[in-house]
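Participant: Take a look at the following structure, please.
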Amino acid sequence: MEKDILYLYIDVGGGSTEITFFLNGKVIFKQSFNIGTIRLLKQQVQEAQWEEMKETIKSQVKDARKVMGIGSGGNINKVFSLSKRKEGRPLPLLLLRDFYKEMSSLNLQERMSAYKLREDRADVIIPALLIYINVLKWGGADEILVPKIGLADGLIHALYDEVIQQLG
């Protein structure tokens with residue numbers, strides 16, 4: 001992680017979105033919001049919940065010099081693979097907006113066919129993109145890194161490092 005960059009980690013799930021801010025390798029803020037892909041599909045998210053997320057994110061980034069998004073979850077991984085970007089290269093926010101616009105114009109079957117998506121991915125990818133786009137916009141990040149390594153993998157590596165240090 002580069003020094004003095006505020007990293008905005010976004011993990012979008014079906015029921016909630018976890019937001020974590022890292023600065024200089026340390027967690028400085030973490031919150032879960034009840035805004036997830038399934039909740040959005042079922043229209044179970046109120047405008048007030050979006051407002052709370054927006055205000056929380058904006059308050060955390062107000063003093064940041066540079067904000068970089070980091071995405072986690074099956075949907076952002078799928079968008080990354082569809083983008084044909086090289087591993088390690090960030091996805092621009094504009095590209096996420098393009099995917100959102102393109103995919104939103106198609107029905108479920110057309111999305112499955114055009115993007116070779118399974119049905120369970122084709123329905124949640126649009127609300128997931130909406131969440132990523134909003135969070136990045138509110139956070140002032142114009143791109144998002146999509147690490148190949150998942151959250152569970154990262155936690156295992158961190159725990160391993162911690163154990164090794166204690167033994168050493």
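Every chain in the structure tokens has a letter given in the order shown (A, B, ...), and although residue numbers restart at 1 in each chain, ligands are simply numbered from 1 in the order shown.
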Counting only C-alpha atoms, give me one row per residue of stretch 58-165 of chain A with an atom at most 12 Å from an atom of stretch 24-34 of chain A, showing the shortest contact pair and its distance in Å to one decimal, sorted by chain then residue number, as a tab-separated table.
Facilitator:
residue	atom	partner	partner_atom	distance
A:Ser59	CA	A:Phe29	CA	10.9
A:Gln60	CA	A:Phe29	CA	7.8
A:Val61	CA	A:Phe29	CA	10.6
A:Ile131	CA	A:Phe33	CA	10.9
A:Val135	CA	A:Phe33	CA	11.4
A:Ala158	CA	A:Gly25	CA	11.9
Participant: For the residues selected in the previous step, produce a file with C-alpha atoms as a short mmCIF file (atom, residue, chain, number, x, y, z; two decimals), in the first residue's frame.
Facilitator:
data_model
loop_
_atom_site.label_atom_id
_atom_site.label_comp_id
_atom_site.auth_asym_id
_atom_site.auth_seq_id
_atom_site.Cartn_x
_atom_site.Cartn_y
_atom_site.Cartn_z
CA SER A 59 -17.00 12.54 6.25
CA GLN A 60 -14.20 9.94 6.19
CA VAL A 61 -12.54 11.26 3.02
CA ILE A 131 -23.18 0.34 -5.14
CA VAL A 135 -19.29 4.50 -3.08
CA ALA A 158 -2.32 -11.75 7.95
#
Participant: Going by DSSP on the backbone, which bits of stretch 1-82 of chain A are strand (DSSP E or B)? Write them as a count of residues only, please.
Facilitator: 30
Participant: Using the chain letters and numbers from this document, which residues of stretch 1-143 of chain A does DSSP assign to alpha helix (DSSP H), as a VMD selection string?
Facilitator: chain A and resid 37 to 41 47 to 61 74 to 83 93 to 104 108 to 115 119 to 122 125 to 139
Participant: Of the candidates A:Ile57, A:Ala114, A:Met68, A:Leu40, which one gets nearest to A:Leu8 if we count only C-alpha atoms?
Facilitator: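 Looking only at the distances to A:Leu8, the closest residue turns out to be A:Met68.
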Participant: Expressed in Å to a single decimal, how great is the separation between atom CA of A:Pro92 and atom CA of A:Val146?
Facilitator: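 These atoms are spaced 11.0 Å apart.
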Participant: Within 12 Å of A:Gln44, counting only C-alpha atoms, which residues qualify if same-chain residues fewer than 4 places away don't, as a PyMOL selection string?
Facilitator: chain A and resi 14-16+34-40+48-50
